[in-house]
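One file, target.txt, is given below (compact mmCIF, C-alpha atoms and all ligand atoms).
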```
# COMPACT_ATOMS: atom_id res chain seq x y z
CA MET E 30 9.36 -26.75 22.56
CA SER E 31 9.84 -29.09 19.62
CA ARG E 32 10.17 -26.34 17.05
CA PRO E 33 12.91 -23.72 16.88
CA THR E 34 11.98 -20.43 18.47
CA THR E 35 10.99 -17.47 16.34
CA ASP E 36 13.08 -15.00 18.32
CA PRO E 37 15.01 -12.77 15.87
CA SER E 38 18.48 -14.21 15.30
CA PRO E 39 20.79 -11.48 13.89
CA PRO E 40 22.37 -8.84 16.16
CA ALA E 41 19.65 -6.66 17.65
CA ALA E 42 21.52 -3.48 16.67
CA LEU E 43 20.77 -3.95 12.97
CA HIS E 44 18.22 -1.62 11.36
CA ARG E 45 14.83 -3.01 10.34
CA ASP E 46 15.68 -2.60 6.65
CA THR E 47 18.71 -4.86 7.15
CA LEU E 48 16.75 -7.38 9.21
CA ALA E 49 14.18 -7.57 6.39
CA LEU E 50 16.91 -9.01 4.17
CA ARG E 51 19.01 -10.97 6.61
CA THR E 52 16.75 -12.60 9.21
CA ALA E 53 16.01 -16.26 8.40
CA VAL E 54 16.94 -19.77 9.56
CA GLU E 55 20.55 -20.78 8.91
CA ARG E 56 21.66 -21.74 5.42
CA SER E 57 21.71 -25.46 4.69
CA GLN E 58 24.92 -27.40 3.99
CA HIS E 59 24.60 -26.35 0.32
CA GLY E 60 25.13 -22.66 1.04
CA GLU E 61 22.11 -21.44 -0.96
CA HIS E 62 22.04 -17.64 -1.10
CA SER E 63 18.29 -17.21 -1.51
CA GLU E 64 16.46 -18.73 1.44
CA ALA E 65 15.62 -22.41 0.89
CA LEU E 66 12.08 -23.58 0.22
CA TYR E 67 11.64 -26.70 2.35
CA LEU E 68 8.62 -28.25 0.69
CA SER E 69 8.34 -31.25 3.01
CA SER E 70 5.49 -32.34 5.27
CA GLY E 71 7.63 -34.62 7.44
CA PHE E 72 11.18 -34.46 8.83
CA VAL E 73 13.55 -37.41 9.30
CA GLN E 74 14.64 -37.80 12.91
CA PRO E 75 18.33 -38.27 13.74
CA SER E 76 17.55 -41.01 16.29
CA ALA E 77 14.63 -42.50 18.17
CA ALA E 78 15.85 -40.79 21.34
CA ALA E 79 16.03 -37.40 19.57
CA ALA E 80 12.51 -37.90 18.21
CA ALA E 81 11.31 -38.66 21.73
CA ARG E 82 12.96 -35.50 23.08
CA ARG E 83 11.47 -33.39 20.28
CA PHE E 84 7.99 -34.72 20.88
CA ALA E 85 8.43 -34.12 24.62
CA GLY E 86 9.40 -30.53 23.90
CA GLU E 87 12.90 -30.99 25.35
CA GLU E 88 14.85 -30.42 22.14
CA GLU E 89 14.42 -28.13 19.15
CA GLY E 90 13.92 -29.82 15.79
CA TYR E 91 11.29 -30.22 13.13
CA THR E 92 8.99 -33.23 13.20
CA TYR E 93 5.84 -32.68 11.15
CA GLY E 94 4.59 -29.80 8.98
CA ARG E 95 1.67 -28.89 11.22
CA SER E 96 4.13 -28.28 14.09
CA GLY E 97 6.69 -26.30 12.13
CA ASN E 98 8.70 -25.97 8.92
CA PRO E 99 12.06 -24.17 8.42
CA THR E 100 10.79 -21.93 5.60
CA VAL E 101 7.77 -20.96 7.69
CA THR E 102 10.12 -20.27 10.63
CA SER E 103 12.20 -17.98 8.38
CA PHE E 104 9.11 -15.96 7.54
CA GLU E 105 8.09 -15.82 11.22
CA GLN E 106 11.55 -14.72 12.34
CA ARG E 107 11.77 -12.04 9.68
CA LEU E 108 8.31 -10.62 10.40
CA ALA E 109 8.99 -10.66 14.17
CA ALA E 110 12.21 -8.72 13.54
CA LEU E 111 10.28 -6.11 11.55
CA GLU E 112 7.46 -5.74 14.09
CA GLY E 113 9.94 -5.74 16.98
CA SER E 114 8.12 -8.66 18.61
CA GLN E 115 9.74 -11.54 20.46
CA ALA E 116 7.94 -14.08 18.30
CA ALA E 117 5.54 -14.57 15.42
CA LEU E 118 3.32 -17.33 14.14
CA ALA E 119 2.37 -17.75 10.48
CA THR E 120 -1.13 -18.82 9.43
CA ALA E 121 -2.86 -19.86 6.21
CA SER E 122 -4.55 -16.46 5.76
CA GLY E 123 -5.23 -13.25 7.61
CA MET E 124 -8.57 -14.58 8.84
CA ALA E 125 -6.85 -17.75 10.11
CA ALA E 126 -4.64 -15.47 12.24
CA PHE E 127 -7.74 -13.79 13.74
CA THR E 128 -9.42 -17.16 14.31
CA LEU E 129 -6.32 -18.53 16.00
CA VAL E 130 -6.10 -15.54 18.35
CA CYS E 131 -9.79 -15.87 19.28
CA PHE E 132 -9.53 -19.62 19.88
CA ALA E 133 -6.38 -19.20 21.93
CA LEU E 134 -7.39 -16.23 24.09
CA LEU E 135 -11.18 -16.39 24.47
CA LYS E 136 -13.71 -18.68 26.10
CA ALA E 137 -17.48 -18.65 26.68
CA GLY E 138 -18.46 -15.74 28.92
CA ASP E 139 -15.63 -13.50 27.75
CA HIS E 140 -16.31 -10.13 26.12
CA VAL E 141 -14.59 -8.42 23.19
CA VAL E 142 -14.68 -4.73 22.23
CA TYR E 143 -13.93 -4.06 18.57
CA SER E 144 -14.12 -1.30 15.99
CA GLN E 145 -17.13 -1.20 13.66
CA SER E 146 -14.79 -0.19 10.81
CA MET E 147 -12.78 -3.41 10.81
CA PHE E 148 -12.46 -5.78 7.86
CA GLY E 149 -15.85 -7.36 7.04
CA SER E 150 -14.89 -10.94 7.89
CA THR E 151 -13.39 -9.79 11.20
CA LEU E 152 -16.72 -8.20 12.12
CA LYS E 153 -18.51 -11.47 11.33
CA LEU E 154 -15.92 -13.65 13.07
CA ILE E 155 -16.43 -11.80 16.37
CA GLY E 156 -20.07 -10.72 16.06
CA ALA E 157 -21.45 -13.96 14.58
CA GLU E 158 -19.07 -16.96 14.64
CA PHE E 159 -17.64 -16.59 18.14
CA ALA E 160 -21.00 -15.37 19.45
CA ARG E 161 -22.20 -18.94 18.77
CA PHE E 162 -19.62 -20.14 21.30
CA GLY E 163 -20.78 -17.72 23.98
CA VAL E 164 -18.29 -14.90 23.42
CA ALA E 165 -20.07 -11.56 23.85
CA SER E 166 -18.92 -8.45 22.02
CA THR E 167 -19.55 -4.74 21.59
CA CYS E 168 -18.88 -2.95 18.30
CA VAL E 169 -17.82 0.70 18.70
CA PRO E 170 -16.99 3.65 16.41
CA GLN E 171 -13.31 3.41 15.45
CA THR E 172 -12.18 6.87 16.58
CA ASP E 173 -14.50 7.45 19.59
CA LEU E 174 -12.31 6.67 22.62
CA ALA E 175 -15.19 7.42 25.02
CA ALA E 176 -17.28 4.74 23.30
CA TRP E 177 -14.45 2.20 23.72
CA ARG E 178 -14.24 3.12 27.40
CA GLN E 179 -17.99 2.81 27.91
CA ALA E 180 -18.08 -0.59 26.23
CA MET E 181 -15.64 -2.13 28.72
CA ARG E 182 -17.04 -4.79 31.09
CA PRO E 183 -15.44 -6.75 33.91
CA GLU E 184 -15.28 -9.77 31.59
CA THR E 185 -13.67 -7.86 28.65
CA ARG E 186 -10.61 -9.86 27.62
CA LEU E 187 -9.73 -8.47 24.19
CA LEU E 188 -9.82 -5.15 22.32
CA LEU E 189 -9.52 -5.37 18.54
CA ALA E 190 -8.71 -2.47 16.24
CA GLU E 191 -7.47 -1.92 12.73
CA THR E 192 -5.61 1.24 11.75
CA PRO E 193 -5.83 2.75 9.23
CA THR E 194 -9.07 1.13 8.06
CA ASN E 195 -10.17 0.22 4.57
CA PRO E 196 -11.72 2.10 2.73
CA LEU E 197 -12.14 5.29 4.84
CA THR E 198 -8.60 5.28 6.32
CA GLU E 199 -9.82 6.00 9.85
CA VAL E 200 -6.95 6.06 12.35
CA CYS E 201 -7.23 5.07 16.01
CA ASP E 202 -4.89 5.93 18.87
CA ILE E 203 -3.07 2.66 19.62
CA ALA E 204 -1.42 3.94 22.83
CA ALA E 205 -4.75 5.13 24.24
CA LEU E 206 -6.46 1.81 23.45
CA ALA E 207 -3.53 -0.15 24.94
CA GLU E 208 -3.84 1.83 28.17
CA LEU E 209 -7.58 1.20 28.29
CA ALA E 210 -7.07 -2.54 27.68
CA HIS E 211 -4.30 -2.96 30.23
CA LYS E 212 -6.17 -1.13 32.99
CA ALA E 213 -8.94 -3.70 32.53
CA GLY E 214 -6.57 -6.66 32.35
CA ALA E 215 -7.39 -7.19 28.67
CA TRP E 216 -5.20 -7.58 25.57
CA LEU E 217 -5.10 -5.15 22.64
CA ALA E 218 -4.75 -6.74 19.20
CA VAL E 219 -4.13 -4.47 16.19
CA ASP E 220 -4.66 -5.39 12.54
CA ASN E 221 -1.57 -3.82 10.94
CA CYS E 222 -2.44 -4.89 7.42
CA LEU E 223 -2.61 -1.46 5.77
CA ALA E 224 0.35 0.24 7.44
CA THR E 225 2.62 -2.83 7.82
CA PRO E 226 5.70 -2.74 10.09
CA ALA E 227 7.44 -0.67 7.42
CA LEU E 228 5.35 2.32 8.59
CA GLN E 229 3.80 1.35 11.94
CA ARG E 230 4.79 -1.02 14.75
CA PRO E 231 1.81 -1.29 17.12
CA LEU E 232 3.85 -3.05 19.86
CA GLU E 233 5.88 0.17 20.25
CA PHE E 234 2.63 1.90 21.25
CA GLY E 235 1.69 -0.79 23.76
CA ALA E 236 -0.39 -3.28 21.71
CA ASP E 237 -0.06 -6.91 22.81
CA LEU E 238 -0.70 -8.63 19.51
CA VAL E 239 -0.28 -7.59 15.88
CA LEU E 240 -2.37 -9.33 13.25
CA HIS E 241 -1.52 -9.54 9.57
CA SER E 242 -3.02 -10.53 6.31
CA GLY E 243 0.20 -11.52 4.56
CA THR E 244 -1.93 -11.69 1.42
CA LYS E 245 -1.71 -7.92 1.16
CA TYR E 246 1.47 -5.81 1.44
CA LEU E 247 3.73 -8.47 3.02
CA ASP E 248 3.57 -10.46 -0.21
CA GLY E 249 2.95 -7.20 -2.02
CA GLN E 250 2.52 -8.63 -5.49
CA GLY E 251 -0.86 -10.32 -5.23
CA ARG E 252 0.37 -13.92 -5.41
CA VAL E 253 -0.47 -15.93 -2.29
CA MET E 254 -2.72 -16.07 0.79
CA ALA E 255 -0.94 -15.80 4.13
CA GLY E 256 -1.42 -14.46 7.65
CA ALA E 257 0.51 -13.97 10.88
CA VAL E 258 0.33 -13.03 14.54
CA CYS E 259 3.19 -11.19 16.29
CA ALA E 260 3.36 -11.10 20.10
CA SER E 261 5.49 -11.91 23.14
CA ALA E 262 7.25 -15.29 23.22
CA GLU E 263 5.00 -16.24 26.12
CA LEU E 264 1.76 -15.53 24.24
CA ILE E 265 3.00 -17.21 21.06
CA HIS E 266 4.56 -20.30 22.62
CA GLN E 267 2.24 -20.86 25.59
CA ARG E 268 -1.14 -19.74 24.22
CA LEU E 269 -1.17 -19.68 20.42
CA LEU E 270 1.19 -22.45 19.29
CA PRO E 271 -0.59 -25.35 21.04
CA VAL E 272 -3.92 -24.22 19.56
CA GLN E 273 -2.38 -23.87 16.10
CA LYS E 274 -0.98 -27.41 16.26
CA ASN E 275 -4.35 -28.83 17.23
CA THR E 276 -6.41 -26.84 14.75
CA GLY E 277 -4.06 -26.94 11.74
CA MET E 278 -4.24 -23.22 10.87
CA VAL E 279 -0.73 -23.39 9.40
CA LEU E 280 0.88 -21.64 6.43
CA SER E 281 2.11 -23.67 3.48
CA PRO E 282 5.93 -23.54 3.10
CA PHE E 283 5.58 -22.37 -0.49
CA ASN E 284 3.40 -19.42 0.50
CA ALA E 285 5.75 -18.69 3.42
CA TRP E 286 8.66 -18.56 0.98
CA VAL E 287 6.84 -16.13 -1.33
CA VAL E 288 5.94 -13.80 1.54
CA LEU E 289 9.43 -14.15 3.08
CA LYS E 290 10.89 -12.80 -0.16
CA GLY E 291 8.19 -10.13 -0.28
CA LEU E 292 9.37 -8.79 3.08
CA GLU E 293 12.76 -7.95 1.53
CA THR E 294 11.19 -5.10 -0.45
CA LEU E 295 8.39 -4.18 1.98
CA SER E 296 9.91 -0.93 3.24
CA LEU E 297 10.88 0.21 -0.25
CA ARG E 298 7.44 -0.61 -1.66
CA LEU E 299 5.43 0.95 1.17
CA ARG E 300 7.39 4.19 1.09
CA ALA E 301 7.17 4.45 -2.69
CA GLN E 302 3.47 3.52 -2.78
CA SER E 303 2.77 5.90 0.10
CA ALA E 304 4.42 8.75 -1.81
CA GLN E 305 2.35 7.84 -4.87
CA ALA E 306 -0.84 7.75 -2.76
CA LEU E 307 -0.11 11.20 -1.30
CA ALA E 308 0.47 12.64 -4.77
CA LEU E 309 -2.75 11.04 -6.06
CA ALA E 310 -4.73 12.23 -3.00
CA GLN E 311 -3.54 15.82 -3.53
CA TRP E 312 -4.34 15.62 -7.25
CA LEU E 313 -7.82 14.15 -6.66
CA GLN E 314 -8.62 17.00 -4.24
CA THR E 315 -8.25 19.46 -7.10
CA HIS E 316 -10.64 17.66 -9.49
CA PRO E 317 -14.08 19.35 -9.67
CA ALA E 318 -15.94 15.99 -9.77
CA VAL E 319 -14.42 14.92 -6.43
CA ALA E 320 -16.25 15.97 -3.25
CA ARG E 321 -13.88 14.52 -0.67
CA VAL E 322 -10.64 12.52 -0.39
CA HIS E 323 -9.95 10.22 2.57
CA TYR E 324 -6.20 9.84 3.12
CA PRO E 325 -4.25 10.09 6.42
CA GLY E 326 -1.39 11.92 4.71
CA LEU E 327 -3.62 14.92 3.93
CA PRO E 328 -3.75 17.72 6.54
CA THR E 329 -7.56 17.68 6.07
CA HIS E 330 -7.78 14.10 7.46
CA PRO E 331 -9.39 14.22 10.95
CA GLN E 332 -6.60 12.14 12.53
CA HIS E 333 -3.74 13.49 10.38
CA ALA E 334 -1.43 14.42 13.27
CA LEU E 335 -1.98 11.11 15.07
CA ALA E 336 -1.44 9.17 11.82
CA MET E 337 1.84 10.95 11.12
CA ARG E 338 3.00 10.15 14.68
CA GLN E 339 2.01 6.49 14.50
CA MET E 340 3.00 5.81 10.88
CA ASP E 341 6.53 7.21 10.53
CA GLY E 342 5.21 10.33 8.80
CA CYS E 343 3.60 8.37 5.93
CA GLY E 344 -0.07 7.94 5.05
CA GLY E 345 0.08 4.44 3.57
CA ALA E 346 -0.90 3.33 0.08
CA VAL E 347 -4.71 3.20 0.39
CA LEU E 348 -7.03 6.14 -0.20
CA SER E 349 -10.67 6.62 -1.11
CA PHE E 350 -12.60 9.48 -2.65
CA GLU E 351 -16.23 10.52 -2.97
CA LEU E 352 -17.81 11.86 -6.13
CA HIS E 353 -20.21 14.80 -6.15
CA ALA E 354 -23.77 13.60 -6.79
CA SER E 355 -27.33 14.71 -6.08
CA SER E 356 -28.67 11.26 -5.11
CA ALA E 357 -27.45 7.80 -4.12
CA GLU E 358 -28.51 6.48 -7.57
CA GLN E 359 -26.54 9.15 -9.38
CA ALA E 360 -23.53 8.61 -7.10
CA ARG E 361 -23.54 4.89 -7.89
CA ALA E 362 -23.88 5.49 -11.64
CA ARG E 363 -21.00 7.98 -11.53
CA ALA E 364 -18.73 5.67 -9.54
CA PHE E 365 -19.49 2.78 -11.90
CA HIS E 366 -18.73 5.06 -14.86
CA VAL E 367 -15.30 6.00 -13.49
CA LEU E 368 -14.48 2.35 -12.75
CA ASP E 369 -15.74 1.03 -16.08
CA ALA E 370 -13.72 3.65 -17.97
CA LEU E 371 -10.42 2.33 -16.55
CA GLN E 372 -8.09 0.82 -19.16
CA VAL E 373 -4.92 0.42 -17.11
CA LEU E 374 -5.80 0.19 -13.40
CA SER E 375 -7.48 -2.97 -12.11
CA LEU E 376 -11.08 -3.23 -10.92
CA CYS E 377 -10.31 -5.52 -7.97
CA THR E 378 -11.40 -5.57 -4.30
CA ASN E 379 -8.01 -6.88 -3.15
CA LEU E 380 -5.33 -4.46 -1.95
CA GLY E 381 -1.61 -4.54 -1.23
CA ASP E 382 -0.36 -5.07 -4.77
CA THR E 383 2.27 -3.25 -6.81
CA LYS E 384 -0.52 -2.82 -9.39
CA THR E 385 -3.12 -0.14 -8.58
CA LEU E 386 -6.46 -1.68 -7.55
CA CYS E 387 -9.75 0.23 -7.61
CA ALA E 388 -13.01 -0.86 -6.00
CA HIS E 389 -16.56 0.27 -5.25
CA PRO E 390 -17.00 -0.65 -1.56
CA ALA E 391 -20.78 0.04 -1.41
CA SER E 392 -21.52 -2.75 -3.92
CA THR E 393 -18.69 -5.18 -3.05
CA SER E 394 -16.95 -5.36 0.35
CA HIS E 395 -19.88 -3.52 2.02
CA GLY E 396 -22.55 -4.75 -0.41
CA LYS E 397 -24.38 -6.96 2.09
CA LEU E 398 -25.09 -4.10 4.51
CA SER E 399 -28.46 -2.35 4.42
CA GLU E 400 -28.42 1.20 3.04
CA ALA E 401 -28.86 2.51 6.62
CA GLN E 402 -25.90 0.45 7.89
CA ARG E 403 -23.82 1.66 4.96
CA GLN E 404 -24.71 5.28 5.70
CA ALA E 405 -23.75 4.76 9.36
CA ALA E 406 -20.44 3.28 8.25
CA GLY E 407 -19.89 6.27 5.95
CA ILE E 408 -19.67 4.10 2.83
CA GLY E 409 -21.57 6.12 0.22
CA GLN E 410 -22.52 4.98 -3.31
CA GLY E 411 -20.13 7.57 -4.74
CA LEU E 412 -17.10 6.24 -2.85
CA ILE E 413 -14.18 4.73 -4.80
CA ARG E 414 -11.29 2.98 -3.03
CA VAL E 415 -7.84 3.08 -4.62
CA ALA E 416 -4.95 0.90 -3.38
CA VAL E 417 -2.19 2.82 -5.11
CA GLY E 418 0.53 0.85 -6.89
CA LEU E 419 3.77 1.67 -8.62
CA GLU E 420 2.63 2.64 -12.12
CA HIS E 421 3.95 5.95 -13.50
CA MET E 422 1.78 8.60 -11.76
CA PRO E 423 0.67 10.47 -14.94
CA ASP E 424 -0.62 7.11 -16.29
CA ILE E 425 -2.65 6.55 -13.10
CA GLU E 426 -4.11 10.04 -13.31
CA ALA E 427 -4.88 9.75 -17.02
CA ASP E 428 -6.71 6.46 -16.44
CA LEU E 429 -8.89 8.00 -13.72
CA LEU E 430 -9.53 11.07 -15.89
CA ARG E 431 -11.13 8.89 -18.59
CA GLY E 432 -14.17 8.60 -16.33
CA LEU E 433 -13.81 11.71 -14.15
CA ASP E 434 -13.78 14.05 -17.16
CA THR E 435 -16.77 12.43 -18.88
CA LEU E 436 -19.27 12.34 -16.00
CA ASP E 437 -21.37 15.15 -17.47
CA ALA E 438 -22.15 12.98 -20.51
CA LEU E 439 -23.93 10.43 -18.26
C1 LIG M 1 -7.62 -8.87 3.64
C2 LIG M 1 -7.68 -8.40 5.03
C3 LIG M 1 -7.85 -9.30 6.10
C4 LIG M 1 -8.05 -10.79 5.88
O1 LIG M 1 -6.93 -11.39 5.32
P1 LIG M 1 -7.03 -12.68 4.37
O2 LIG M 1 -5.60 -12.95 4.08
O3 LIG M 1 -7.85 -12.31 3.18
O4 LIG M 1 -7.69 -13.75 5.16
C5 LIG M 1 -7.86 -8.79 7.38
N1 LIG M 1 -7.74 -7.47 7.61
C6 LIG M 1 -7.58 -6.58 6.62
C7 LIG M 1 -7.44 -5.14 6.94
C8 LIG M 1 -7.56 -7.01 5.30
O5 LIG M 1 -7.43 -6.12 4.31
```

For the structure just supplied, provide its representation as structure tokens.
Amino acid sequence: MSRPTTDPSPPAALHRDTLALRTAVERSQHGEHSEALYLSSGFVQPSAAAAARRFAGEEEGYTYGRSGNPTVTSFEQRLAALEGSQAALATASGMAAFTLVCFALLKAGDHVVYSQSMFGSTLKLIGAEFARFGVASTCVPQTDLAAWRQAMRPETRLLLAETPTNPLTEVCDIAALAELAHKAGAWLAVDNCLATPALQRPLEFGADLVLHSGTKYLDGQGRVMAGAVCASAELIHQRLLPVQKNTGMVLSPFNAWVVLKGLETLSLRLRAQSAQALALAQWLQTHPAVARVHYPGLPTHPQHALAMRQMDGCGGAVLSFELHASSAEQARARAFHVLDALQVLSLCTNLGDTKTLCAHPASTSHGKLSEAQRQAAGIGQGLIRVAVGLEHMPDIEADLLRGLDTLDAL
């Protein structure tokens, strides 16, 4: 192994919140207090013999940026400490993390079972891109365990789920899916983008791999693209790392540094934004223009009890709500009215920011689906997704009221 391991370095007894601040590669000789940004593509070798040992995998040490970088290692170590995984690997984006896992674990003839409610590009990566390389797949309803079971084949190698999902916040039972996967000799990979390790650690429930878009809550302030995979040291070092080196799906040290610093406030942000989201969800439920609110923290959510068990009693920072309407056309016009009336909150399909982001899934993230597919996915024209930020709650409510209270004038 030519690059230092990503096994967490500080004493294991430390709490996650402490590890989020303290886990990183050692300080340099200068004693910098904030973690160093090593913006260097190559690394000078102490001797020809040391270089030979490093390239042979007999000695730890950095050689070239595609094989490892100390700032990237700091981010990997810190994220692994938070997820409770033996190791982690950083990638250029969330989708690069998914691509890396597929390249590393799948081959022609293999079969994947995945949730139909996953992130749009994930659906296409499995159902279209890897299908071209002979990987078969079955797409199942997120919360229907019997459908997952029925979809299993002898050649099923990977189960993929995301929980909660965006925008409907559907929650799946990680422990049940892990059991199903392991009985069949398959791996379970969980996209932990919305909950983050601050609220949910899928490995504790038996998942084998955790996938992240670091672009979202890990950075948390909407600055950079990043991604990561957390798993056992064996999976990371034996299966994923060689593929990453050969394909170049690496994270830039600058982006790693930004996300590394983002992790320091992850727990604080997620808990505060979760509390804001719960307050907003409860408030939206009382507005006469709102037909339904989707949020795992509400007792009316179909998987509320499971979500509270899996997510440290929090619902996360993403919610969505449906407007009352008598037709799809009216629903769309009403949703557009609410979004266009915003003066403070952002109309933006991204999520995971300290600023509140609102979106209309039916015309953006789910815009390419046919109306029938959208109906099946439960994404109506009157649905608005809110990734709740840290603005003063009365200001958030007042901004939404601009449109909600003027719908009758449409
Ligand atoms: C954004 C997102 C991704 C993809 O991450 P990128 O960093 O944009 O590549 C994957 N899953 C979920 C749930 C996401 O929200």

Close residues to ligand LIG 1 (chain M) using only C-alpha atoms and all ligand atoms, limit 9 Å, as a PDB file with C-alpha atoms, keeping the file's coordinate frame:
```pdb
ATOM      1  CA  ALA E 121      -2.860 -19.860   6.210  1.00  0.00           C
ATOM      2  CA  SER E 122      -4.550 -16.460   5.760  1.00  0.00           C
ATOM      3  CA  GLY E 123      -5.230 -13.250   7.610  1.00  0.00           C
ATOM      4  CA  MET E 124      -8.570 -14.580   8.840  1.00  0.00           C
ATOM      5  CA  ALA E 125      -6.850 -17.750  10.110  1.00  0.00           C
ATOM      6  CA  ALA E 126      -4.640 -15.470  12.240  1.00  0.00           C
ATOM      7  CA  PHE E 127      -7.740 -13.790  13.740  1.00  0.00           C
ATOM      8  CA  MET E 147     -12.780  -3.410  10.810  1.00  0.00           C
ATOM      9  CA  PHE E 148     -12.460  -5.780   7.860  1.00  0.00           C
ATOM     10  CA  GLY E 149     -15.850  -7.360   7.040  1.00  0.00           C
ATOM     11  CA  SER E 150     -14.890 -10.940   7.890  1.00  0.00           C
ATOM     12  CA  THR E 151     -13.390  -9.790  11.200  1.00  0.00           C
ATOM     13  CA  GLU E 191      -7.470  -1.920  12.730  1.00  0.00           C
ATOM     14  CA  THR E 192      -5.610   1.240  11.750  1.00  0.00           C
ATOM     15  CA  PRO E 193      -5.830   2.750   9.230  1.00  0.00           C
ATOM     16  CA  THR E 194      -9.070   1.130   8.060  1.00  0.00           C
ATOM     17  CA  ASN E 195     -10.170   0.220   4.570  1.00  0.00           C
ATOM     18  CA  ASP E 220      -4.660  -5.390  12.540  1.00  0.00           C
ATOM     19  CA  ASN E 221      -1.570  -3.820  10.940  1.00  0.00           C
ATOM     20  CA  CYS E 222      -2.440  -4.890   7.420  1.00  0.00           C
ATOM     21  CA  LEU E 223      -2.610  -1.460   5.770  1.00  0.00           C
ATOM     22  CA  LEU E 240      -2.370  -9.330  13.250  1.00  0.00           C
ATOM     23  CA  HIS E 241      -1.520  -9.540   9.570  1.00  0.00           C
ATOM     24  CA  SER E 242      -3.020 -10.530   6.310  1.00  0.00           C
ATOM     25  CA  GLY E 243       0.200 -11.520   4.560  1.00  0.00           C
ATOM     26  CA  THR E 244      -1.930 -11.690   1.420  1.00  0.00           C
ATOM     27  CA  LYS E 245      -1.710  -7.920   1.160  1.00  0.00           C
ATOM     28  CA  VAL E 253      -0.470 -15.930  -2.290  1.00  0.00           C
ATOM     29  CA  MET E 254      -2.720 -16.070   0.790  1.00  0.00           C
ATOM     30  CA  ALA E 255      -0.940 -15.800   4.130  1.00  0.00           C
ATOM     31  CA  GLY E 256      -1.420 -14.460   7.650  1.00  0.00           C
ATOM     32  CA  ASN E 379      -8.010  -6.880  -3.150  1.00  0.00           C
ATOM     33  CA  LEU E 380      -5.330  -4.460  -1.950  1.00  0.00           C
ATOM     34  CA  GLY E 381      -1.610  -4.540  -1.230  1.00  0.00           C
TER      35      GLY E 381
END
```

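The interatomic distance for the pair atom CA of E:Leu264 and atom CA of E:Gly277 works out to 17.9 Å.
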
Given all atoms listed in the file as the counted atoms, nearest of E:Ser356, E:Thr100, E:Gln106, E:Ser349 to E:Arg321: E:Ser349

Nearest to E:Glu105 by atom-to-atom distance, counting only C-alpha atoms, from E:Val258, E:Leu299, E:Val417, E:Leu48: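 Among E:Val258, E:Leu299, E:Val417, E:Leu48, it is E:Val258 that comes nearest to E:Glu105.
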
Distance in Å - atom CA of E:Tyr93 versus atom CA of E:Gln58: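 Going from atom CA of E:Tyr93 over to atom CA of E:Gln58 covers 21.1 Å.
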
E:Ala308, E:Leu197, E:Ala401, E:Leu269 ranked by distance to E:Gln171, top pick (using only C-alpha atoms):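 Under the stated criterion, the closest residue is E:Leu197.
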
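Taking all atoms listed in the file into account, E:Ala236 lies nearest to E:Cys259 out of the set E:Ala388, E:Met278, E:Cys259, E:Leu108.
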
Contacts of E:Thr294 at 10 Å (all atoms listed in the file; same-chain gap of 6+ positions) as a list in words: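 Once the nearby chain positions are removed, what remains is Asp46, Ala49, Leu50, Ala227, Tyr246, Leu247, Asp248 and Gly249 of chain E.
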
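Distances to E:Pro196 were evaluated for E:Gly86, E:Gly432, E:Gly113, E:Gly409 using all atoms listed in the file, and the minimum falls at E:Gly409.
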
Near-stretch 382-387 of chain E list (9 Å; all atoms listed in the file; drop same-chain fewer than 4 positions) as a PyMOL selection string: chain E and resi 245-246+248-252+298+302+368+373-378+413-420+425

Given only C-alpha atoms as the counted atoms, nearest of E:Ser303, E:Ser69, E:Gln115, E:Gln179 to E:Val101: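 Closest to E:Val101 of all the choices is E:Ser69.
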
Expected residue set, 10 Å radius at (12.3, -17.1, -1.8), only C-alpha atoms, as a PyMOL selection string: chain E and resi 62-66+100+104+283-291+293

Filtering to C-alpha atoms, could you give me those residues as a JSON list (two decimals), keeping the file's coordinate frame?
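What landed in again.json:
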```json
[["chain", "number", "residue", "atom", "x", "y", "z"],
["E", 62, "HIS", "CA", 22.04, -17.64, -1.10],
["E", 63, "SER", "CA", 18.29, -17.21, -1.51],
["E", 64, "GLU", "CA", 16.46, -18.73, 1.44],
["E", 65, "ALA", "CA", 15.62, -22.41, 0.89],
["E", 66, "LEU", "CA", 12.08, -23.58, 0.22],
["E", 100, "THR", "CA", 10.79, -21.93, 5.60],
["E", 104, "PHE", "CA", 9.11, -15.96, 7.54],
["E", 283, "PHE", "CA", 5.58, -22.37, -0.49],
["E", 284, "ASN", "CA", 3.40, -19.42, 0.50],
["E", 285, "ALA", "CA", 5.75, -18.69, 3.42],
["E", 286, "TRP", "CA", 8.66, -18.56, 0.98],
["E", 287, "VAL", "CA", 6.84, -16.13, -1.33],
["E", 288, "VAL", "CA", 5.94, -13.80, 1.54],
["E", 289, "LEU", "CA", 9.43, -14.15, 3.08],
["E", 290, "LYS", "CA", 10.89, -12.80, -0.16],
["E", 291, "GLY", "CA", 8.19, -10.13, -0.28],
["E", 293, "GLU", "CA", 12.76, -7.95, 1.53]]
```

Around all the atoms of stretch 416-427 of chain E listed in the file, with 3 Å of room on each side, what axis-aligned box do you get, giving centre and edge lengths in Å to one decimal, as JSON?
```
{"center_x": -0.5, "center_y": 5.7, "center_z": -10.2, "size_x": 14.9, "size_y": 15.6, "size_z": 19.6}
```

Residues within 9 Å of E:His333, only C-alpha atoms, excluding chain neighbours under 6 positions, as a list of chain:residue names: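 Near E:His333, the qualifying residues are E:Val200, E:Tyr324, E:Pro325, E:Gly326, E:Leu327, E:Gly344.
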
Test item: which residues lie within 12 Å of (-1.2, 12.4, 17.4) counting all atoms listed in the file, as a list of chain:residue names: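 The distance filter leaves exactly E:Val200, E:Cys201, E:Asp202, E:Ile203, E:Ala204, E:Ala205, E:Phe234, E:Pro325, E:Pro331, E:Gln332, E:His333, E:Ala334, E:Leu335, E:Ala336, E:Met337, E:Arg338, E:Gln339, E:Met340, E:Asp341, E:Gly342.
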